[in-house]
2 protein chains.
Amino acid sequence: MRLRLDLAYDGRDFHGWAMQPDLRTVQGVLEEALATVLRTATPVTCAGRTDTGVHARGQVVHLDLSEEALAGAAGRDGADPTGGLVGRLNGLLDDDVHVRAATRVPDSFDARFGALWRRYAYRIADRSAEVDPLVRGHVVTWPRHLDDAGCQEAASGLVGEHDFAAYCKRREGASTVRRLLDLDWARQPDGLVEVGVRADAFCHHMVRSLMGALVAVGEGRRPPSWPSEVLLAGTRDPGVLVMPAHGLTLEEVAYPPDDELAARSARTRVVRT
Amino acid sequence: MRLRLDLAYDGRDFHGWAMQPDLRTVQGVLEEALATVLRTATPVTCAGRTDTGVHARGQVVHLDLSEEALAGAAGRDGADPTGGLVGRLNGLLDDDVHVRAATRVPDSFDARFGALWRRYAYRIADRSAEVDPLVRGHVVTWPRHLDDAGCQEAASGLVGEHDFAAYCKRREGASTVRRLLDLDWARQPDGLVEVGVRADAFCHHMVRSLMGALVAVGEGRRPPSWPSEVLLAGTRDPGVLVMPAHGLTLEEVAYPPDDELAARSARTRVVRT
């Protein structure tokens, strides 16, 4: 049987999602906890392979296990085996990573290839009067004021299906065409900037590079048309800084209804490979 | 001349507000930074002497300095000396404490005795599905669900002017009569409990003890009438736990208009002593 886990984590003390020898990673600590609880090695597949220092509130993974392993993990409280599994995992995990839910899903559910879209948020405190030390772990403090109107204009020019090669760390043989559904630069009531970014998928460093282009506009160093010009040029521009990882949080991943899961996964696999 | 500073800090790595030899305190690091920038020892007086581990977004202090010292601190940017002071202080302070603003105030402004009220928030995540590791530094994770209706009923019975001796760590010769203006148990859209607490002033451990009484009700261990019964009994009850410091944040301090400052301070001094 297949299970979906919903996870939240503070990325600060992790070397990113993906397992690496001798480094603390989210996948590493999760699979270690699963091995303890289920008494067997249980690999997981995630929706978004977050980089070192990137956080998540809505990471999704899937894993396969036997009914017997799940019943054993739940212990005496046999009435709610998935709830029992969540409790045991959280008992083993450090407090910077938390399993929010475990749900039985069809075998056709694929956390990675089945996703319709991923939504990230990037958070910036650019006004000294509104810097809040309590959220400094996931909000970047920026030393200069950023112009909202310019950033909003620049952001709207990037939405749509494009080749984002100019904003991606290249990987041999992989497509850099992505459908950017939203890029919303929004000043919050508490004075922070929260940029909502939603796409079918992201390539490596894409959100942090897009943020770097917007911040250049926000500071007045570049005109609002510049991020789109960089996109069209199709090659990485030294004027685009990759913004710090700790401002970025994977907030949500969306999936189609159960009866469309298999078709979605099949289509995504073809497009990406 | 007198200055008001507005401060925010993460209390985790501080031994509270008040200066102590060989311990890192907020007053200690702030006065050290002021001594460096102003080149003279400059004591500060605060609105709320937060305990070890308690945070602040809206701490207020006052301090006295000469026009020459302020002009010198501002450096070359003489146009905005208070802005220059803020920038230099933040440049010296670690990132767990931040000066949000510096404002010239009348000599009658007293951060402690002039305050009309203080507002704190206490935050609890009592549902595993909504635990967010990104805010675990200022939100207490509670292992059992808390009943909102019971807590709201209990909270409303505590509002008003009372002798809060049952909820205070006793100090010889000090009054424990306080006017509790608000005690609002509110479930937030993200599932967290945020309790807003506003009073003319607080005695030691008062908010955390009130929270302990509400949580006993929320867990169903005590009836909603119990926190008021403890209040009336007037002595500390072993059933009231002092809740953890890190859930508590000083959010705001209010002052009267300038022409009422002196009268307010005079009156408060008489009441408290």
# chains A, B, ... in the order shown; residues from 1 in each chain; ligands from 1
call {"tool": "closest_atom_pairs", "arguments": {"of": "chain A", "to": "chain B", "cutoff": "9 Å", "atoms": "only C-alpha atoms", "output": "CSV"}}
result
residue,atom,partner,partner_atom,distance
A:Asp6,CA,B:Ala129,CA,8.8
A:Ala8,CA,B:Asp132,CA,6.3
A:Tyr9,CA,B:Pro133,CA,5.5
A:Asp10,CA,B:Leu134,CA,5.3
A:Gly11,CA,B:Leu134,CA,8.8
A:His55,CA,B:Leu134,CA,7.9
A:Ala56,CA,B:Leu134,CA,8.6
A:Arg57,CA,B:Asp132,CA,6.9
A:Val86,CA,B:Ser128,CA,8.9
A:Gly87,CA,B:Ser128,CA,8.6
A:Asp95,CA,B:Pro133,CA,6.6
A:Asp96,CA,B:Pro133,CA,5.2
A:Val97,CA,B:Pro133,CA,6.2
A:His98,CA,B:Pro133,CA,6.9
A:Val99,CA,B:Ala129,CA,7.6
A:Arg100,CA,B:Ala129,CA,4.2
A:Ala101,CA,B:Ala129,CA,6.0
A:Ser128,CA,B:Arg100,CA,6.1
A:Ala129,CA,B:Arg100,CA,4.1
A:Glu130,CA,B:Arg100,CA,6.6
A:Val131,CA,B:Arg100,CA,7.1
A:Asp132,CA,B:Ala8,CA,6.3
A:Pro133,CA,B:Asp96,CA,5.2
A:Leu134,CA,B:Asp10,CA,5.3
A:Val135,CA,B:Val135,CA,7.2
A:Arg136,CA,B:Asp95,CA,8.0
A:Gly137,CA,B:Leu134,CA,7.4
A:His138,CA,B:Leu134,CA,7.1
call {"tool": "residues_around", "arguments": {"residues": "Arg88 in chain A", "least_positions_apart": "4", "cutoff": "9 Å", "atoms": "only C-alpha atoms", "output": "list in words"}}
result
Ala33, Val37, Ala73, Ala74, Gly83, Gly84, Leu92 and Leu93 of chain A
call {"tool": "closest_residue", "arguments": {"among": "A:Met206, A:Leu23, A:Ala71, A:Val253", "to": "Gly58 in chain A", "atoms": "only C-alpha atoms"}}
result
A:Val253
call {"tool": "closest_residue", "arguments": {"among": "A:Ala111, A:Val197, A:Met1, A:Ala254", "to": "Glu67 in chain A", "atoms": "only C-alpha atoms"}}
result
A:Met1
call {"tool": "select_by_dssp", "arguments": {"residues": "range 64-152 of chain A", "states": "helix (DSSP H, G or I)", "output": "ChimeraX atom specification"}}
result
/A:67-74,81-92,128-130,133-135,148-152
call {"tool": "write_last_selection", "arguments": {"atoms": "C-alpha atoms", "output": "CSV table (one decimal), in the first residue's frame"}}
result
chain,number,residue,atom,x,y,z
A,67,GLU,CA,-0.2,-3.5,5.9
A,68,GLU,CA,1.7,-5.5,8.5
A,69,ALA,CA,4.4,-2.8,8.9
A,70,LEU,CA,1.8,-0.1,9.3
A,71,ALA,CA,-0.2,-2.1,11.9
A,72,GLY,CA,3.1,-2.8,13.8
A,73,ALA,CA,4.1,0.9,13.7
A,74,ALA,CA,0.7,2.0,15.1
A,81,PRO,CA,-2.7,3.2,12.3
A,82,THR,CA,-1.8,6.3,10.2
A,83,GLY,CA,-2.3,8.5,13.3
A,84,GLY,CA,-0.1,6.1,15.3
A,85,LEU,CA,2.6,6.3,12.7
A,86,VAL,CA,2.6,10.1,12.7
A,87,GLY,CA,2.9,10.1,16.5
A,88,ARG,CA,5.8,7.7,16.5
A,89,LEU,CA,7.7,9.5,13.7
A,90,ASN,CA,7.3,12.9,15.5
A,91,GLY,CA,8.5,11.3,18.7
A,92,LEU,CA,11.7,10.3,16.9
A,128,SER,CA,14.3,48.5,9.4
A,129,ALA,CA,11.2,49.6,11.4
A,130,GLU,CA,9.5,46.3,10.6
A,133,PRO,CA,13.9,39.0,15.0
A,134,LEU,CA,11.3,36.3,15.8
A,135,VAL,CA,11.0,35.4,12.1
A,148,ASP,CA,6.6,47.7,-4.8
A,149,ALA,CA,5.1,49.1,-8.0
A,150,GLY,CA,8.3,48.4,-10.0
A,151,CYS,CA,8.6,44.9,-8.7
A,152,GLN,CA,4.9,44.1,-9.4
call {"tool": "select_by_dssp", "arguments": {"residues": "range 24-193 of chain B", "states": "strand (DSSP E)", "output": "number ranges by chain"}}
result
B: 45-46, 55-64, 97-105, 117-125, 140-141, 160-163, 177-187, 193
call {"tool": "residues_around", "arguments": {"residues": "Ala155 in chain B", "least_positions_apart": "2", "cutoff": "12 Å", "atoms": "only C-alpha atoms", "output": "number ranges by chain"}}
result
B: 148-153, 157-160, 180-186, 195-197, 207, 210-218, 223-228, 231
call {"tool": "write_last_selection", "arguments": {"atoms": "N, CA and C atoms", "output": "CSV table (one decimal), in the first residue's frame"}}
result
chain,number,residue,atom,x,y,z
B,148,ASP,N,-11.6,25.2,22.9
B,148,ASP,CA,-11.7,26.7,22.8
B,148,ASP,C,-12.8,27.3,23.7
B,149,ALA,N,-14.0,26.7,23.6
B,149,ALA,CA,-15.1,27.2,24.3
B,149,ALA,C,-14.9,27.3,25.8
B,150,GLY,N,-14.3,26.2,26.4
B,150,GLY,CA,-14.1,26.2,27.8
B,150,GLY,C,-13.0,27.3,28.2
B,151,CYS,N,-12.0,27.4,27.4
B,151,CYS,CA,-10.9,28.4,27.7
B,151,CYS,C,-11.5,29.8,27.6
B,152,GLN,N,-12.3,30.1,26.6
B,152,GLN,CA,-12.9,31.4,26.4
B,152,GLN,C,-13.8,31.8,27.6
B,153,GLU,N,-14.6,30.8,28.1
B,153,GLU,CA,-15.4,31.1,29.2
B,153,GLU,C,-14.6,31.3,30.5
B,157,GLY,N,-13.9,35.2,32.8
B,157,GLY,CA,-14.1,35.4,34.3
B,157,GLY,C,-13.0,36.0,35.0
B,158,LEU,N,-11.8,36.2,34.3
B,158,LEU,CA,-10.6,36.8,35.0
B,158,LEU,C,-10.4,38.2,34.7
B,159,VAL,N,-11.2,38.8,33.7
B,159,VAL,CA,-11.0,40.2,33.3
B,159,VAL,C,-11.5,41.1,34.4
B,160,GLY,N,-10.8,42.2,34.6
B,160,GLY,CA,-11.2,43.2,35.6
B,160,GLY,C,-10.1,43.5,36.6
B,180,LEU,N,-6.8,43.8,34.7
B,180,LEU,CA,-6.7,43.0,33.5
B,180,LEU,C,-7.8,43.5,32.5
B,181,LEU,N,-7.3,44.1,31.4
B,181,LEU,CA,-8.3,44.7,30.4
B,181,LEU,C,-8.8,43.7,29.4
B,182,ASP,N,-8.0,42.8,29.0
B,182,ASP,CA,-8.4,41.8,28.0
B,182,ASP,C,-7.7,40.5,28.3
B,183,LEU,N,-8.4,39.4,28.1
B,183,LEU,CA,-7.8,38.1,28.1
B,183,LEU,C,-8.6,37.3,27.1
B,184,ASP,N,-8.1,37.3,25.8
B,184,ASP,CA,-8.8,36.7,24.7
B,184,ASP,C,-8.2,35.5,24.2
B,185,TRP,N,-8.9,34.4,24.3
B,185,TRP,CA,-8.4,33.1,23.8
B,185,TRP,C,-8.9,33.0,22.3
B,186,ALA,N,-8.0,33.1,21.4
B,186,ALA,CA,-8.5,33.2,20.0
B,186,ALA,C,-7.8,32.1,19.1
B,195,VAL,N,-3.4,33.9,22.5
B,195,VAL,CA,-4.1,34.5,23.6
B,195,VAL,C,-3.6,35.9,23.8
B,196,GLY,N,-4.4,36.9,23.6
B,196,GLY,CA,-4.1,38.3,23.8
B,196,GLY,C,-4.4,38.7,25.2
B,197,VAL,N,-3.4,39.3,25.9
B,197,VAL,CA,-3.5,39.7,27.3
B,197,VAL,C,-3.1,41.1,27.4
B,207,VAL,N,1.3,36.3,33.4
B,207,VAL,CA,0.7,35.8,32.2
B,207,VAL,C,0.9,34.3,32.0
B,210,LEU,N,-1.5,32.5,34.4
B,210,LEU,CA,-2.9,32.6,33.8
B,210,LEU,C,-3.0,31.5,32.7
B,211,MET,N,-2.0,31.5,31.8
B,211,MET,CA,-2.1,30.5,30.7
B,211,MET,C,-2.1,29.1,31.3
B,212,GLY,N,-1.4,28.8,32.3
B,212,GLY,CA,-1.4,27.5,33.0
B,212,GLY,C,-2.8,27.1,33.4
B,213,ALA,N,-3.5,28.1,34.0
B,213,ALA,CA,-4.9,27.8,34.5
B,213,ALA,C,-5.8,27.5,33.3
B,214,LEU,N,-5.7,28.3,32.2
B,214,LEU,CA,-6.5,28.1,31.0
B,214,LEU,C,-6.2,26.8,30.4
B,215,VAL,N,-5.0,26.4,30.3
B,215,VAL,CA,-4.7,25.1,29.7
B,215,VAL,C,-5.2,23.9,30.5
B,216,ALA,N,-5.3,24.0,31.8
B,216,ALA,CA,-5.9,23.0,32.6
B,216,ALA,C,-7.4,22.9,32.3
B,217,VAL,N,-8.0,24.0,32.0
B,217,VAL,CA,-9.4,24.0,31.5
B,217,VAL,C,-9.5,23.4,30.1
B,218,GLY,N,-8.6,23.8,29.3
B,218,GLY,CA,-8.6,23.4,27.9
B,218,GLY,C,-8.5,21.9,27.7
B,223,PRO,N,-12.8,22.6,35.5
B,223,PRO,CA,-14.0,23.2,34.9
B,223,PRO,C,-13.7,24.7,34.6
B,224,PRO,N,-14.4,25.3,33.7
B,224,PRO,CA,-14.2,26.7,33.3
B,224,PRO,C,-14.2,27.7,34.5
B,225,SER,N,-14.9,27.3,35.5
B,225,SER,CA,-15.0,28.2,36.7
B,225,SER,C,-13.8,28.2,37.6
B,226,TRP,N,-12.9,27.2,37.4
B,226,TRP,CA,-11.8,27.0,38.3
B,226,TRP,C,-10.8,28.2,38.3
B,227,PRO,N,-10.3,28.7,37.2
B,227,PRO,CA,-9.4,29.8,37.2
B,227,PRO,C,-9.9,31.0,38.1
B,228,SER,N,-11.2,31.3,38.0
B,228,SER,CA,-11.7,32.4,38.9
B,228,SER,C,-11.7,32.0,40.3
B,231,LEU,N,-8.3,32.5,41.6
B,231,LEU,CA,-8.1,34.0,41.8
B,231,LEU,C,-8.7,34.4,43.1
call {"tool": "closest_residue", "arguments": {"among": "A:Val105, A:Val193, A:Ala18, A:Ala154", "to": "Leu3 in chain A", "atoms": "only C-alpha atoms"}}
result
A:Val105
call {"tool": "residues_around", "arguments": {"residues": "Leu261 in chain B", "least_positions_apart": "4", "cutoff": "12 Å", "atoms": "only C-alpha atoms", "output": "VMD selection string"}}
result
chain B and resid 105 to 116 254 to 257 265 to 268
call {"tool": "closest_residue", "arguments": {"among": "A:Val230, A:Val140, A:Leu34, A:Cys203", "to": "Arg171 in chain A", "atoms": "only C-alpha atoms"}}
result
A:Cys203
call {"tool": "closest_residue", "arguments": {"among": "A:Asp51, A:Asp190, A:Asp163, A:Glu31", "to": "Pro244 in chain A", "atoms": "only C-alpha atoms"}}
result
A:Asp51
